[in-house]
Each structure stands twice: as C-alpha cells, then as structure tokens.
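Asks: Have a look at this one before I ask anything.
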Amino acid sequence: MAYNTDSMTAPGQLSKASLLALLPESQRKEILDSLTAKQLHDLNYDWRFWARPKQLAPDGDWLTWLIKAGRGFGKTRSGTGFINERAKDSAGRWIAMVARTPADARDYMIEGPGGFLKNTHPDFRPHYEPSKRRLTWPNGSWATIYSDEEPDQLRGFSGDTAWLDELAKFKNPQECLDALDFGMREVSADYPRRIITTTPRPIKALKAIEALKSTVVVTGSSYENRANLSPKWFSDILSKFEGTRLGRQEIHAETLDDNPGALWRRQWFDDLRVKEAPALKRVVVAIDPATTSNPDSDETGIIVAGLGSNDHGYVLADLSLRGTPEEWARVAVNAYHDYKCDRIIAETNNGGEMVETLIRTVERNIPFTAVHASRGKITRAEPISSLYEQSKCHHVGSFPVLEDQCCEYDPKTAKFSPDHMDALVWAFTELMTDVSVGENLLAYYEQLAREREAAKANH
C-alpha cells in the first residue's frame with residue numbers, strides 16, 4: 001500500500017489552530033490582535049482550538065471511543081482533553097485511569113508532553129498525589145490511577161468515566177476490561193463513557209471491543225500530526241520503517257494478521273494463555289545481550305521461564321530492556337531471586353566472557369551457563385515454535401512485545417533484531433531439550449530446511 005506522507009491530513013480534519021495558521025498574515029494578525037491578553041493566554045489551553053476533529057469525542061450515545069492510531073498521532077493528548085472535559089462538566093465525578101504500569105500513567109498520562117500537568121489551564125489543573133494514585137480537580141472531580149499489573153484493584157471503582165491507555169500492550173487486557181465493566185455503573189446525565197487510546201495489535205480483547213455496536217472506532221496515522229512533531233523524527237526514524245509490516249502497524253495503525261514468514265501464530269498464544277503456572281520443576285532467566293548501549297541500540301532480551309510438573313513450558317516474565325550492561329545484569333540477577341530460579345542462561349556470541357563477568361560482578365556465585373549460537377536464528381527457533389504448535393508452551397498473562405516479535409520476525413524481510421524472541425528460544429532450549437535431543441532436533445530442522453530449498457530449486 002502506498003502512502004502520501006507529505007500531507008496525511010485532509011482540510012476537513014485540520015484543527016482550528018491549523019486553519020488560522022493557513023490564513024493570510026494580515027487576517028491572522030487582525031484576529032489575534034482583537035483578543036485580550038487573558039484570551040490569548042486562555043487560548044494556549046483551549047483543547048477545542050488545538051485539537052483536530054478526530055481528536056474530539058464523537059457525537060452519539062456510544063459507550064467506548066476507541067482511538068487506534070500510529071505513534072505521534074496525539075492519542076495521549078486526546079485522552080487528557082477528553083478526561084478534562086468530563087471532569088469539568090460534572091463536579092465530583094469519579095474517573096478511572098488505567099495504564100500498563102503506574103510508571104506509565106505518571107510518565108505519559110500525567111507528567112508527559114501530552115499529560116494533564118502540561119496541558120490543563122492553571123485555573124483547572126488537577127492536583128496530583130502519587131502516593132494516593134489520585135488526581136483531583138478544583139471542582140471536586142477526581143481520578144484514581146489503576147495498573148494493568150493489578151486488575152483486581154478496579155473492582156473498587158464505581159463511576160461513569162474511564163481512560164485506558166495503550167490497551168494493546170497490557171498483560172491482562174481482558175481482566176481489566178471485565179473489572180471496569182462492573183465499575184461503570186453510576187447513573188450519568190451525559191452517558192457512561194470510556195476512551196481507549198492504543199497502537200493496534202490483533203489481540204482478542206481489542207477485536208471484541210471493536211465488534212460492539214456501542215463502540216466508535218477512530219483510526220489515524222503518525223503523519224496526521226506532522227505539524228506538531230520534529231521533522232528529524234520523520235526523516236531519521238519513521239522513514240526507516242515505511243514500507244515494512246512494523247511501519248504499517250506503528251505508523252499507519254493497521255491491525256496486521258500473522259506474517260506468513262514467521263514461525264509463530266498469535267492463535268497459539270491466545271489458545272494456550274494461562275493465568276498462573278502449575279508447580280514448576282525448574283525456572284531459568286535467559287539473556288540475549290545487546291552489543292551496544294545507546295538510544296538506538298537493540299534491547300537486551302531477558303525472559304524468565306519455567307518447566308512445569310506436566311513437562312510443559314511457561315513464560316513467567318519478559319524483563320527485556322534497553323540499558324547499560326550493568327543495568328541488564330542487575331535486572332537478570334534480581335529476576336533470578338524474585339522468581340526462585342536455578343540458573344541464568346546467556347548467549348555469549350558477541351559479549352564472550354564479558355557477559356559472565358558482568359553477572360558475577362553483581363553476584364559472584366550465581367549459577368550461570370553460557371550458550372553459543374552456532375546456528376542461525378531460525379534454525380534455533382524452529383524446534384521451540386514446534387513445541388508451541390504442539391500445545392506444550394504457555395504464557396502466564398500477555399507479553400505483547402515478545403509475541404509481536406515471534407509473529408512478525410521473518411529473516412528475509414525483518415529490519416529489527418528479535419531480542420525478546422531470542423531470549424525465549426534460549427530459555428526453552430535449556431528447559432525443554434536435553435543436549436542430545438536438542439542437537440538431534442536442530443540437525444533434523446537443518447536437514448528439513450535443506451530439503452525445502454532443494455525442492456524449490458527443482459521447481
């Protein structure tokens with residue numbers, strides 16, 4: 001699909017601010033000069049002046065307003081604008097704000113560039129109390145901050161307004177939605193409303209919401225907000241992903257089906273997902289180290305996985321991060337203790353002895369096994385994807401980035417390193433194959449790959 005990335009916003013979808021900017025300078029000056037100093041100051045915080053029509057709540061008696069949009073579209077700003085209006089329209093209104101983690105709520109919904117504290121008029125700016133997980137507006141309306149990590153907390157909510165940010169990245173999206181449904185029970189003069197702002201992923205919970213008659217869906221691309229974003233971000237960052245599957249999802253907000261060239265299928269994760277693991281015979285932390293440490297580096301993949309009493313594998317945590325070697329080494333060692341692991345596994349192709357040295361700097365006598373990638377990613381991953389296909393591997397909750405990588409990575413077209421996926425493969429190779437079986441499986445898949453290539457050549 002081709003996109004005209006020079007101008008992705010139709011004239012009818014421009015904000016009032018953009019329309020004003022398009023006027024001849026003389027007309028623009030005349031309008032602005034007619035305003036008092038207070039009116040000009042107030043205009044800085046007038047959301048309906050700055051918002052594009054897509055960013056304003058639609059008309060009608062909908063329950064859910066779902067904004068599926070690319071990076072930089074202004075999803076967060078849409079959420080703060082909507083919630084501020086709801087808080088102002090009804091004094092004493094109780095609002096639920098749900099984020100993936102408490103840190104995400106603070107960094108994006110509250111304190112970030114699109115958050116409440118930077119975009120609400122000083123006369124109506126809410127007071128933020130981190131210790132109470134609360135925002136309170138001058139008229140008595142208040143919001144409680146909830147975390148996807150603890151969906152049961154939502155059982156105590158009783159209101160008529162909610163905002164869920166980046167739902168597609170939640171570990172427990174359906175549990176959060178179910179708990180919130182029971183809490184959205186208060187009689188409301190202007191209808192119960194919830195807004196969901198997210199970059200799309202093909203998860204069950206999101207598909208189910210889209211299918212409801214009470215849902216209004218708005219989609220948009222990163223380019224629609226180009227006037228408010230850095231030109232360098234478009235030229236240096238987004239341009240790398242144009243024309244790729246990842247770009248279609250992250251820039252143009254397409255909900256993508258499985259990549260035919262990938263080894264995993266999303267249905268496997270959904271069908272085999274569990275809320276908790278059984279008794280575990282072994283638990284390991286597996287590390288796929290990044291080779292560099294800067295803002296453009298790959299992440300260091302860190303996966304915690306266990307082998308159940310039923311001989312099935314269970315992913316317990318994805319702790320992958322972009323950080324210094326010292327940071328990821330400490331995260332891995334902490335995970336070893338938090339999950340009562342019996343060993344840390346780390347790929348040492350790039351770091352060599354440095355990886356083990358880093359781990360032992362954090363804790364000297366920790367059990368450690370170095371693994372070396374003598375075969376390609378796909379050859380190593382095929383036996384593990386087969387275990388998933390045989391219903392022998394489960395995810396305890398949802399791991400969006402890991403699952404995306406597994407279902408998107410095609411070595412022929414991918415422009416990213418599947419660091420989360422690589423760590424997963426190391427974990428289950430350690431837990432679910434002994435050396436002889438593992439080597440036999442790898443040899444079998446190498447032979448199978450050679451036979452496939454030969455068959456293609458004969459055709």
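We label chains A, B, ... in the order they appear in the structure tokens, count residues from 1 in each chain, and number ligands from 1 in the order shown.
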Return as a ChimeraX atom specification the full set of residues in segment 74-207 of chain A whose backbone-based DSSP assignment is strand (DSSP E).

Replies: /A:94-99,127-129,134-136,142-147,161-165,193-198

Asks: Contacts of Lys275 of chain A at 12 Å or less, counting only C-alpha atoms, minus same-chain residues fewer than 4 places along, as a list of chain:residue names?

Replies: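 What passes the distance filter is A:Lys171, A:Asn172, A:Gln174, A:Glu175, A:Asp270, A:Tyr314, A:Val315, A:Leu316, A:His394, A:His395, A:Val396, A:Gly397, A:Ser398.
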
Asks: Which residues in segment 214-299 of chain A does DSSP call alpha helix (DSSP H)? List them as a PyMOL selection string.

Replies: chain A and resi 231-232+239-241+245-250+266-272

Asks: Keeping N, CA and C atoms, export the residues of the selection given above as a tab-separated table (two decimals), in the first residue's frame.

Replies:
chain	number	residue	atom	x	y	z
A	231	PRO	N	10.64	17.38	12.40
A	231	PRO	CA	10.92	16.89	11.03
A	231	PRO	C	12.00	15.81	11.04
A	232	LYS	N	12.95	15.92	11.95
A	232	LYS	CA	14.03	14.94	12.01
A	232	LYS	C	13.51	13.57	12.42
A	239	SER	N	11.13	7.07	8.58
A	239	SER	CA	11.46	6.69	7.21
A	239	SER	C	12.05	5.28	7.14
A	240	LYS	N	12.70	4.85	8.22
A	240	LYS	CA	13.30	3.51	8.23
A	240	LYS	C	12.25	2.41	8.19
A	241	PHE	N	11.04	2.74	8.65
A	241	PHE	CA	10.01	1.71	8.77
A	241	PHE	C	8.92	1.81	7.71
A	245	ARG	N	6.15	-4.13	7.54
A	245	ARG	CA	4.98	-4.52	8.33
A	245	ARG	C	4.94	-3.74	9.65
A	246	LEU	N	6.11	-3.55	10.26
A	246	LEU	CA	6.14	-2.81	11.50
A	246	LEU	C	5.68	-1.38	11.29
A	247	GLY	N	6.06	-0.79	10.17
A	247	GLY	CA	5.62	0.57	9.86
A	247	GLY	C	4.13	0.66	9.64
A	248	ARG	N	3.58	-0.34	9.00
A	248	ARG	CA	2.13	-0.35	8.77
A	248	ARG	C	1.38	-0.36	10.10
A	249	GLN	N	1.93	-1.04	11.10
A	249	GLN	CA	1.27	-1.10	12.41
A	249	GLN	C	1.55	0.14	13.22
A	250	GLU	N	2.82	0.52	13.35
A	250	GLU	CA	3.22	1.56	14.28
A	250	GLU	C	3.04	2.97	13.73
A	266	ARG	N	-0.33	-16.11	16.35
A	266	ARG	CA	-0.94	-15.48	17.53
A	266	ARG	C	-1.99	-16.38	18.17
A	267	GLN	N	-2.65	-17.17	17.37
A	267	GLN	CA	-3.68	-18.06	17.90
A	267	GLN	C	-3.10	-19.03	18.92
A	268	TRP	N	-1.85	-19.45	18.71
A	268	TRP	CA	-1.22	-20.35	19.67
A	268	TRP	C	-1.12	-19.69	21.04
A	269	PHE	N	-0.67	-18.45	21.06
A	269	PHE	CA	-0.55	-17.74	22.34
A	269	PHE	C	-1.90	-17.60	23.02
A	270	ASP	N	-2.91	-17.18	22.23
A	270	ASP	CA	-4.23	-16.95	22.80
A	270	ASP	C	-4.86	-18.24	23.32
A	271	ASP	N	-4.72	-19.32	22.57
A	271	ASP	CA	-5.33	-20.59	22.96
A	271	ASP	C	-4.66	-21.20	24.20
A	272	LEU	N	-3.37	-20.94	24.37
A	272	LEU	CA	-2.61	-21.59	25.44
A	272	LEU	C	-2.28	-20.65	26.60

Asks: Using only C-alpha atoms, which protein or nucleic acid residues come within 10 Å of Asn44 of chain A? Drop anything in the same chain fewer than 4 positions from it, and give the result as a list in words.

Replies: Gln39, Leu40, Phe49, Trp50, Asn119, Thr120 and His121 of chain A

Asks: Write a file of the just-selected residues containing N, CA and C atoms, as a PDB file, in the first residue's frame.

Replies:
ATOM      1  N   GLN A  39      -7.365  36.400  26.995  1.00  0.00           N
ATOM      2  CA  GLN A  39      -7.906  35.495  25.980  1.00  0.00           C
ATOM      3  C   GLN A  39      -6.789  34.755  25.251  1.00  0.00           C
ATOM      4  N   LEU A  40      -5.684  35.450  24.974  1.00  0.00           N
ATOM      5  CA  LEU A  40      -4.541  34.790  24.324  1.00  0.00           C
ATOM      6  C   LEU A  40      -3.941  33.732  25.240  1.00  0.00           C
ATOM      7  N   PHE A  49      -9.587  24.316  20.420  1.00  0.00           N
ATOM      8  CA  PHE A  49      -8.904  25.146  19.434  1.00  0.00           C
ATOM      9  C   PHE A  49      -7.738  24.382  18.798  1.00  0.00           C
ATOM     10  N   TRP A  50      -7.033  23.605  19.586  1.00  0.00           N
ATOM     11  CA  TRP A  50      -5.834  22.918  19.105  1.00  0.00           C
ATOM     12  C   TRP A  50      -6.119  21.530  18.537  1.00  0.00           C
ATOM     13  N   ASN A 119      -0.901  20.442  30.077  1.00  0.00           N
ATOM     14  CA  ASN A 119      -1.886  20.870  29.087  1.00  0.00           C
ATOM     15  C   ASN A 119      -3.201  21.386  29.651  1.00  0.00           C
ATOM     16  N   THR A 120      -3.358  21.370  30.950  1.00  0.00           N
ATOM     17  CA  THR A 120      -4.593  21.860  31.567  1.00  0.00           C
ATOM     18  C   THR A 120      -4.412  23.297  32.024  1.00  0.00           C
ATOM     19  N   HIS A 121      -5.412  24.107  31.807  1.00  0.00           N
ATOM     20  CA  HIS A 121      -5.368  25.508  32.236  1.00  0.00           C
ATOM     21  C   HIS A 121      -5.058  25.587  33.727  1.00  0.00           C
TER      22      HIS A 121
END

Asks: Calculated over only C-alpha atoms, which of the candidates A:Asp236, A:Asp190, A:Glu85, A:Glu356 has the smallest distance to Trp137 of chain A?

Replies: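 Checking each candidate against Trp137 of chain A, we get A:Glu85 as the closest.
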
Asks: What does the distance from atom CA of Ala262 of chain A to atom CA of Cys406 of chain A come to in Å, to one decimal?

Replies: 6.9 Å

Asks: Name the closest residue to Asn310 of chain A among the candidates A:Met432, A:Leu358, A:Ile378, A:Val285; distances are taken between atoms, counting only C-alpha atoms.

Replies: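 Going through A:Met432, A:Leu358, A:Ile378, A:Val285 one by one, the smallest distance to Asn310 of chain A is for A:Met432.
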